[in-house]
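A.B. asks: Below: one structure in structure tokens.
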Number of protein chains: 2
Amino acid sequence: MKIGILISGRGSNMQALVKAAAEPDYPAEVAVVISNRPDALGLEYARHVGLPAVTIDHKAYDSREAFERELDRVLRQYGTELICNAGFMRLLTAGFVDAWHDRQINIHPSLLPAYKGLHSHERVLADGVKITGCSVHFVRTAMDAGPIIAQAAVPVLEGDEPGDLAARVLQAEHQLYPHALKLVAEGRARVRDEKVVIDGNDRAAPALFSPLIGARD
Amino acid sequence: MKIGILISGRGSNMQALVKAAAEPDYPAEVAVVISNRPDALGLEYARHVGLPAVTIDHKAYDSREAFERELDRVLRQYGTELICNAGFMRLLTAGFVDAWHDRQINIHPSLLPAYKGLHSHERVLADGVKITGCSVHFVRTAMDAGPIIAQAAVPVLEGDEPGDLAARVLQAEHQLYPHALKLVAEGRARVRDEKVVIDGNDRAAPALFSPLIGARD
């Protein structure tokens, strides 16, 4: 399955997908990396590893629709079958989202449906929550909504600042995103009634747990 | 620390606390088990293991306040320092809750603040969530609110019905509740700004993860 990855910055999740796709038995290959920001560091990484890296600067377009038409055109030009958002910071219109229905996935740093939107880690810490995580889901028009493909649980530790928690969850994201993409690329993760059903004997596939943490006393 | 356990039914979490408290180095002991229902199976268990088991039938009282006065009296009679709700199905008034402020804890079968209230597992499955869990928290007047002491994460597996998920989460509850009570009884879990701070070097203490499930492919 050919994937197009959308980034806006460093694209560390993009890098995790690129590394996973480099494994010989991985069922997806990266067709193109696209950034809406010309200065995104992830573009350099993509070029460095020999991938097509395209800038589509949203500021150069009169409207969201015009920007998205070009985005759509470039994705199709490279044969994209599935879009993977990886820290892509532009909201997409319903027209674009619907055109890629069930063919666009995103990663969000919380256990959805909890803590949608920005500043998830700050809100987790403000609530005194002890377990958080990350989620990969199909994209719908509502932000951070859409059928959940896989989730990973991550502990909140005493004394965590938002940056500490963000770094710990990001490590889980780098494991979860390739895992979830694999389920989709193999055709094992299918949307039914706006929920994701995982085919196959592996009932545990949708959940990852930190190997680091357990009962200590 | 002397604890009073409130039940309404089988009290499987009560049984888990009783078993934990039977360990010689456990920092809490069960002073009394109280049920608001005379037919609660948990009462038999408590008597069987030699614990005071008291029925305070809420139907025998004219008002919630009268019922709670008797509840309070019996708890104090047995020297209760901390109340542990274990499937206790009566809502308590603000007067009672405030009288036991930071001295009453509860277990709820979800990763709070998500899925408060009844039928958590049904709602988790309806949302297609892949990770759920359970939470032990200090009791406040709002239902299933209050500072979170500890949480455990549990996977939702393909094909789960609510009963399957309830059973799996209940296993985690039986590990989590003794773990959280220990943190409170040792004085390590303290409320500060309506969040729980855990003292000691063990930063991982507030989170438990299922040992069963990890990445499988």
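Residue names in the structure tokens use chain letters A, B, ... in the order shown, residue numbers from 1 in each chain, and ligand numbers from 1 in the order shown.
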Given only C-alpha atoms, how would the per-residue table for chain B near chain A read, listing every residue at most 8 Å away with its closest atom pair and distance in Å to one decimal, sorted by chain and number, as JSON lines?

C.D. replies:
{"residue": "B:Leu111", "atom": "CA", "partner": "A:Ile131", "partner_atom": "CA", "distance": 7.6}
{"residue": "B:Leu112", "atom": "CA", "partner": "A:Val129", "partner_atom": "CA", "distance": 7.4}
{"residue": "B:Pro113", "atom": "CA", "partner": "A:Val129", "partner_atom": "CA", "distance": 7.8}
{"residue": "B:Ala114", "atom": "CA", "partner": "A:Ala114", "partner_atom": "CA", "distance": 6.4}
{"residue": "B:Asp127", "atom": "CA", "partner": "A:Lys195", "partner_atom": "CA", "distance": 7.1}
{"residue": "B:Gly128", "atom": "CA", "partner": "A:Lys195", "partner_atom": "CA", "distance": 5.1}
{"residue": "B:Val129", "atom": "CA", "partner": "A:Ile148", "partner_atom": "CA", "distance": 6.4}
{"residue": "B:Lys130", "atom": "CA", "partner": "A:Gln151", "partner_atom": "CA", "distance": 5.9}
{"residue": "B:Ile131", "atom": "CA", "partner": "A:Ala207", "partner_atom": "CA", "distance": 6.3}
{"residue": "B:Pro147", "atom": "CA", "partner": "A:Gly128", "partner_atom": "CA", "distance": 6.8}
{"residue": "B:Ile148", "atom": "CA", "partner": "A:Gly128", "partner_atom": "CA", "distance": 6.4}
{"residue": "B:Ile149", "atom": "CA", "partner": "A:Lys130", "partner_atom": "CA", "distance": 7.8}
{"residue": "B:Ala150", "atom": "CA", "partner": "A:Lys130", "partner_atom": "CA", "distance": 6.2}
{"residue": "B:Gln151", "atom": "CA", "partner": "A:Lys130", "partner_atom": "CA", "distance": 5.9}
{"residue": "B:Ala152", "atom": "CA", "partner": "A:Ile131", "partner_atom": "CA", "distance": 7.5}
{"residue": "B:Ala153", "atom": "CA", "partner": "A:Ala153", "partner_atom": "CA", "distance": 6.8}
{"residue": "B:Pro155", "atom": "CA", "partner": "A:Ala207", "partner_atom": "CA", "distance": 5.9}
{"residue": "B:Val156", "atom": "CA", "partner": "A:Ala207", "partner_atom": "CA", "distance": 7.5}
{"residue": "B:Leu157", "atom": "CA", "partner": "A:Arg203", "partner_atom": "CA", "distance": 5.3}
{"residue": "B:Glu158", "atom": "CA", "partner": "A:Arg203", "partner_atom": "CA", "distance": 5.2}
{"residue": "B:His179", "atom": "CA", "partner": "A:Asp217", "partner_atom": "CA", "distance": 7.8}
{"residue": "B:Lys195", "atom": "CA", "partner": "A:Gly128", "partner_atom": "CA", "distance": 5.1}
{"residue": "B:Val196", "atom": "CA", "partner": "A:Gly128", "partner_atom": "CA", "distance": 6.7}
{"residue": "B:Val197", "atom": "CA", "partner": "A:Glu158", "partner_atom": "CA", "distance": 7.0}
{"residue": "B:Ile198", "atom": "CA", "partner": "A:Glu158", "partner_atom": "CA", "distance": 6.6}
{"residue": "B:Asp202", "atom": "CA", "partner": "A:Arg216", "partner_atom": "CA", "distance": 7.3}
{"residue": "B:Arg203", "atom": "CA", "partner": "A:Glu158", "partner_atom": "CA", "distance": 5.2}
{"residue": "B:Ala204", "atom": "CA", "partner": "A:Leu157", "partner_atom": "CA", "distance": 5.8}
{"residue": "B:Ala205", "atom": "CA", "partner": "A:Arg216", "partner_atom": "CA", "distance": 6.3}
{"residue": "B:Pro206", "atom": "CA", "partner": "A:Lys130", "partner_atom": "CA", "distance": 6.0}
{"residue": "B:Ala207", "atom": "CA", "partner": "A:Pro155", "partner_atom": "CA", "distance": 5.9}
{"residue": "B:Leu208", "atom": "CA", "partner": "A:Gly214", "partner_atom": "CA", "distance": 4.9}
{"residue": "B:Phe209", "atom": "CA", "partner": "A:Gly214", "partner_atom": "CA", "distance": 5.6}
{"residue": "B:Ser210", "atom": "CA", "partner": "A:Phe209", "partner_atom": "CA", "distance": 7.8}
{"residue": "B:Pro211", "atom": "CA", "partner": "A:Gly214", "partner_atom": "CA", "distance": 7.8}
{"residue": "B:Ile213", "atom": "CA", "partner": "A:Ala204", "partner_atom": "CA", "distance": 6.3}
{"residue": "B:Gly214", "atom": "CA", "partner": "A:Leu208", "partner_atom": "CA", "distance": 5.0}
{"residue": "B:Ala215", "atom": "CA", "partner": "A:Leu208", "partner_atom": "CA", "distance": 5.5}
{"residue": "B:Arg216", "atom": "CA", "partner": "A:Ala205", "partner_atom": "CA", "distance": 6.3}
{"residue": "B:Asp217", "atom": "CA", "partner": "A:Ala205", "partner_atom": "CA", "distance": 7.5}

A.B. asks: Write out as a PyMOL selection string all residues of region 54-132 of chain B that backbone DSSP assigns to strand (DSSP E).

C.D. replies: chain B and resi 54-55+82-85+104-108+131-132

A.B. asks: I need the residues in chain B that are helix (DSSP H, G or I) according to DSSP; give them as a CSV table (one decimal) with N, CA and C atoms, in the first residue's frame.

C.D. replies:
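Dumped everything to selection.csv:
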chain,number,residue,atom,x,y,z
B,12,SER,N,-16.8,-8.2,45.4
B,12,SER,CA,-15.6,-8.9,45.0
B,12,SER,C,-14.4,-8.0,45.3
B,13,ASN,N,-14.6,-6.7,45.1
B,13,ASN,CA,-13.4,-5.8,45.5
B,13,ASN,C,-13.2,-5.8,47.0
B,14,MET,N,-14.3,-5.9,47.8
B,14,MET,CA,-14.1,-6.1,49.2
B,14,MET,C,-13.3,-7.3,49.5
B,15,GLN,N,-13.6,-8.4,48.8
B,15,GLN,CA,-12.8,-9.6,49.1
B,15,GLN,C,-11.4,-9.5,48.7
B,16,ALA,N,-11.1,-8.7,47.6
B,16,ALA,CA,-9.7,-8.5,47.3
B,16,ALA,C,-9.0,-7.6,48.3
B,17,LEU,N,-9.7,-6.7,48.9
B,17,LEU,CA,-9.1,-5.9,50.0
B,17,LEU,C,-8.9,-6.7,51.3
B,18,VAL,N,-9.8,-7.6,51.6
B,18,VAL,CA,-9.7,-8.4,52.7
B,18,VAL,C,-8.5,-9.4,52.6
B,19,LYS,N,-8.4,-9.9,51.4
B,19,LYS,CA,-7.2,-10.8,51.2
B,19,LYS,C,-5.9,-10.1,51.3
B,20,ALA,N,-5.8,-8.9,50.7
B,20,ALA,CA,-4.6,-8.1,50.8
B,20,ALA,C,-4.3,-7.7,52.3
B,21,ALA,N,-5.3,-7.4,53.0
B,21,ALA,CA,-5.1,-6.9,54.4
B,21,ALA,C,-4.7,-8.1,55.3
B,41,LEU,N,-24.4,-10.8,49.1
B,41,LEU,CA,-23.6,-12.0,49.3
B,41,LEU,C,-22.3,-11.7,50.0
B,42,GLY,N,-21.8,-10.5,49.8
B,42,GLY,CA,-20.5,-10.2,50.5
B,42,GLY,C,-20.6,-10.2,52.0
B,43,LEU,N,-21.7,-10.1,52.6
B,43,LEU,CA,-21.8,-10.2,54.0
B,43,LEU,C,-21.5,-11.6,54.5
B,44,GLU,N,-21.9,-12.6,53.8
B,44,GLU,CA,-21.6,-14.0,54.1
B,44,GLU,C,-20.1,-14.2,54.1
B,45,TYR,N,-19.5,-13.7,53.0
B,45,TYR,CA,-18.0,-13.8,52.9
B,45,TYR,C,-17.3,-13.2,54.1
B,46,ALA,N,-17.7,-12.0,54.5
B,46,ALA,CA,-17.1,-11.3,55.6
B,46,ALA,C,-17.2,-12.1,56.9
B,47,ARG,N,-18.4,-12.5,57.1
B,47,ARG,CA,-18.6,-13.3,58.3
B,47,ARG,C,-17.8,-14.6,58.3
B,48,HIS,N,-17.7,-15.2,57.1
B,48,HIS,CA,-17.0,-16.5,57.0
B,48,HIS,C,-15.5,-16.3,57.3
B,58,HIS,N,-31.1,0.6,54.0
B,58,HIS,CA,-31.5,1.9,53.7
B,58,HIS,C,-33.0,2.1,53.7
B,59,LYS,N,-33.7,1.0,53.4
B,59,LYS,CA,-35.2,1.0,53.3
B,59,LYS,C,-35.8,1.2,54.7
B,60,ALA,N,-35.0,0.9,55.7
B,60,ALA,CA,-35.6,1.1,57.1
B,60,ALA,C,-35.5,2.5,57.6
B,64,ARG,N,-32.4,9.9,53.6
B,64,ARG,CA,-31.0,9.6,53.3
B,64,ARG,C,-30.2,10.0,54.5
B,65,GLU,N,-30.5,11.1,55.1
B,65,GLU,CA,-29.8,11.7,56.2
B,65,GLU,C,-29.8,10.7,57.4
B,66,ALA,N,-31.0,10.1,57.7
B,66,ALA,CA,-31.1,9.2,58.8
B,66,ALA,C,-30.3,7.9,58.6
B,67,PHE,N,-30.4,7.4,57.3
B,67,PHE,CA,-29.6,6.3,56.9
B,67,PHE,C,-28.1,6.6,57.1
B,68,GLU,N,-27.7,7.7,56.7
B,68,GLU,CA,-26.2,8.1,56.8
B,68,GLU,C,-25.8,8.3,58.2
B,69,ARG,N,-26.7,8.8,59.0
B,69,ARG,CA,-26.3,9.0,60.5
B,69,ARG,C,-26.0,7.7,61.1
B,70,GLU,N,-26.8,6.6,60.8
B,70,GLU,CA,-26.5,5.3,61.3
B,70,GLU,C,-25.2,4.7,60.7
B,71,LEU,N,-25.0,5.0,59.4
B,71,LEU,CA,-23.8,4.5,58.7
B,71,LEU,C,-22.6,5.1,59.4
B,72,ASP,N,-22.7,6.4,59.6
B,72,ASP,CA,-21.6,7.1,60.2
B,72,ASP,C,-21.3,6.6,61.6
B,73,ARG,N,-22.4,6.3,62.4
B,73,ARG,CA,-22.2,5.9,63.7
B,73,ARG,C,-21.5,4.5,63.8
B,74,VAL,N,-22.0,3.6,62.9
B,74,VAL,CA,-21.4,2.2,62.9
B,74,VAL,C,-19.9,2.3,62.5
B,75,LEU,N,-19.6,3.1,61.4
B,75,LEU,CA,-18.2,3.2,61.0
B,75,LEU,C,-17.4,3.7,62.1
B,76,ARG,N,-17.8,4.7,62.9
B,76,ARG,CA,-17.0,5.2,64.0
B,76,ARG,C,-16.9,4.2,65.1
B,77,GLN,N,-18.0,3.5,65.4
B,77,GLN,CA,-18.0,2.5,66.4
B,77,GLN,C,-16.9,1.5,66.2
B,94,ALA,N,-24.0,15.3,50.4
B,94,ALA,CA,-22.8,16.1,50.6
B,94,ALA,C,-22.4,16.2,52.1
B,95,GLY,N,-23.4,16.1,52.9
B,95,GLY,CA,-23.0,16.1,54.4
B,95,GLY,C,-22.2,14.9,54.8
B,96,PHE,N,-22.5,13.7,54.3
B,96,PHE,CA,-21.7,12.5,54.6
B,96,PHE,C,-20.3,12.6,53.9
B,97,VAL,N,-20.4,13.0,52.6
B,97,VAL,CA,-19.1,13.0,51.8
B,97,VAL,C,-18.2,14.0,52.5
B,98,ASP,N,-18.7,15.1,52.8
B,98,ASP,CA,-17.8,16.2,53.4
B,98,ASP,C,-17.2,15.7,54.8
B,99,ALA,N,-18.1,15.0,55.5
B,99,ALA,CA,-17.6,14.6,56.9
B,99,ALA,C,-16.4,13.6,56.7
B,120,SER,N,-20.4,1.9,32.0
B,120,SER,CA,-19.1,2.3,31.4
B,120,SER,C,-18.7,1.4,30.2
B,121,HIS,N,-18.8,0.1,30.5
B,121,HIS,CA,-18.3,-0.8,29.5
B,121,HIS,C,-19.1,-0.8,28.2
B,122,GLU,N,-20.4,-0.6,28.3
B,122,GLU,CA,-21.3,-0.5,27.1
B,122,GLU,C,-20.9,0.7,26.3
B,123,ARG,N,-20.6,1.8,27.0
B,123,ARG,CA,-20.2,3.0,26.3
B,123,ARG,C,-18.9,3.0,25.7
B,124,VAL,N,-17.9,2.3,26.4
B,124,VAL,CA,-16.6,2.1,25.8
B,124,VAL,C,-16.7,1.3,24.5
B,125,LEU,N,-17.5,0.2,24.5
B,125,LEU,CA,-17.6,-0.6,23.3
B,125,LEU,C,-18.4,0.2,22.2
B,126,ALA,N,-19.4,1.0,22.6
B,126,ALA,CA,-20.1,1.7,21.6
B,126,ALA,C,-19.2,2.8,20.9
B,127,ASP,N,-18.2,3.2,21.6
B,127,ASP,CA,-17.3,4.2,21.1
B,127,ASP,C,-16.1,3.6,20.3
B,162,PRO,N,-20.1,-6.6,26.6
B,162,PRO,CA,-19.9,-5.8,27.8
B,162,PRO,C,-19.5,-6.8,29.0
B,163,GLY,N,-20.1,-8.0,29.1
B,163,GLY,CA,-19.7,-8.9,30.1
B,163,GLY,C,-18.3,-9.3,30.1
B,164,ASP,N,-17.7,-9.6,28.9
B,164,ASP,CA,-16.3,-9.9,28.7
B,164,ASP,C,-15.4,-8.8,29.3
B,165,LEU,N,-15.8,-7.6,28.9
B,165,LEU,CA,-14.9,-6.5,29.3
B,165,LEU,C,-15.1,-6.2,30.8
B,166,ALA,N,-16.3,-6.4,31.3
B,166,ALA,CA,-16.5,-6.2,32.7
B,166,ALA,C,-15.6,-7.2,33.5
B,167,ALA,N,-15.6,-8.4,33.1
B,167,ALA,CA,-14.8,-9.4,33.8
B,167,ALA,C,-13.3,-9.1,33.7
B,168,ARG,N,-12.8,-8.7,32.5
B,168,ARG,CA,-11.4,-8.4,32.4
B,168,ARG,C,-11.0,-7.2,33.3
B,169,VAL,N,-11.9,-6.2,33.2
B,169,VAL,CA,-11.6,-5.0,34.0
B,169,VAL,C,-11.6,-5.3,35.5
B,170,LEU,N,-12.6,-6.2,35.9
B,170,LEU,CA,-12.7,-6.6,37.3
B,170,LEU,C,-11.4,-7.2,37.8
B,171,GLN,N,-10.8,-8.1,37.0
B,171,GLN,CA,-9.5,-8.7,37.4
B,171,GLN,C,-8.5,-7.6,37.7
B,172,ALA,N,-8.5,-6.5,36.9
B,172,ALA,CA,-7.6,-5.4,37.2
B,172,ALA,C,-8.0,-4.7,38.4
B,173,GLU,N,-9.3,-4.5,38.6
B,173,GLU,CA,-9.8,-3.8,39.8
B,173,GLU,C,-9.2,-4.5,41.1
B,174,HIS,N,-9.2,-5.9,41.0
B,174,HIS,CA,-8.8,-6.7,42.2
B,174,HIS,C,-7.3,-6.5,42.5
B,175,GLN,N,-6.6,-6.1,41.5
B,175,GLN,CA,-5.1,-5.8,41.7
B,175,GLN,C,-5.0,-4.3,42.1
B,176,LEU,N,-5.8,-3.5,41.5
B,176,LEU,CA,-5.6,-2.0,41.6
B,176,LEU,C,-6.0,-1.5,43.0
B,177,TYR,N,-7.2,-2.1,43.5
B,177,TYR,CA,-7.7,-1.5,44.7
B,177,TYR,C,-6.8,-1.7,45.9
B,178,PRO,N,-6.3,-3.0,46.1
B,178,PRO,CA,-5.3,-3.1,47.2
B,178,PRO,C,-4.0,-2.3,47.0
B,179,HIS,N,-3.6,-2.1,45.8
B,179,HIS,CA,-2.5,-1.3,45.5
B,179,HIS,C,-2.7,0.1,45.9
B,180,ALA,N,-3.9,0.7,45.5
B,180,ALA,CA,-4.2,2.1,45.8
B,180,ALA,C,-4.4,2.3,47.3
B,181,LEU,N,-5.1,1.3,47.9
B,181,LEU,CA,-5.3,1.4,49.4
B,181,LEU,C,-4.0,1.4,50.2
B,182,LYS,N,-3.1,0.6,49.7
B,182,LYS,CA,-1.8,0.6,50.3
B,182,LYS,C,-1.1,2.0,50.3
B,183,LEU,N,-1.2,2.6,49.1
B,183,LEU,CA,-0.6,4.0,48.9
B,183,LEU,C,-1.2,4.9,49.9
B,184,VAL,N,-2.5,4.8,50.1
B,184,VAL,CA,-3.2,5.7,51.0
B,184,VAL,C,-2.9,5.4,52.5
B,185,ALA,N,-2.9,4.1,52.8
B,185,ALA,CA,-2.7,3.7,54.2
B,185,ALA,C,-1.3,4.0,54.7

A.B. asks: Which residues, written as a PyMOL selection string, have at least one atom at most 10 Å from Pro52 (chain B), with only C-alpha atoms counted and residues fewer than 2 positions away on the same chain left out?

C.D. replies: chain B and resi 4+30-34+43+46-50+54+78
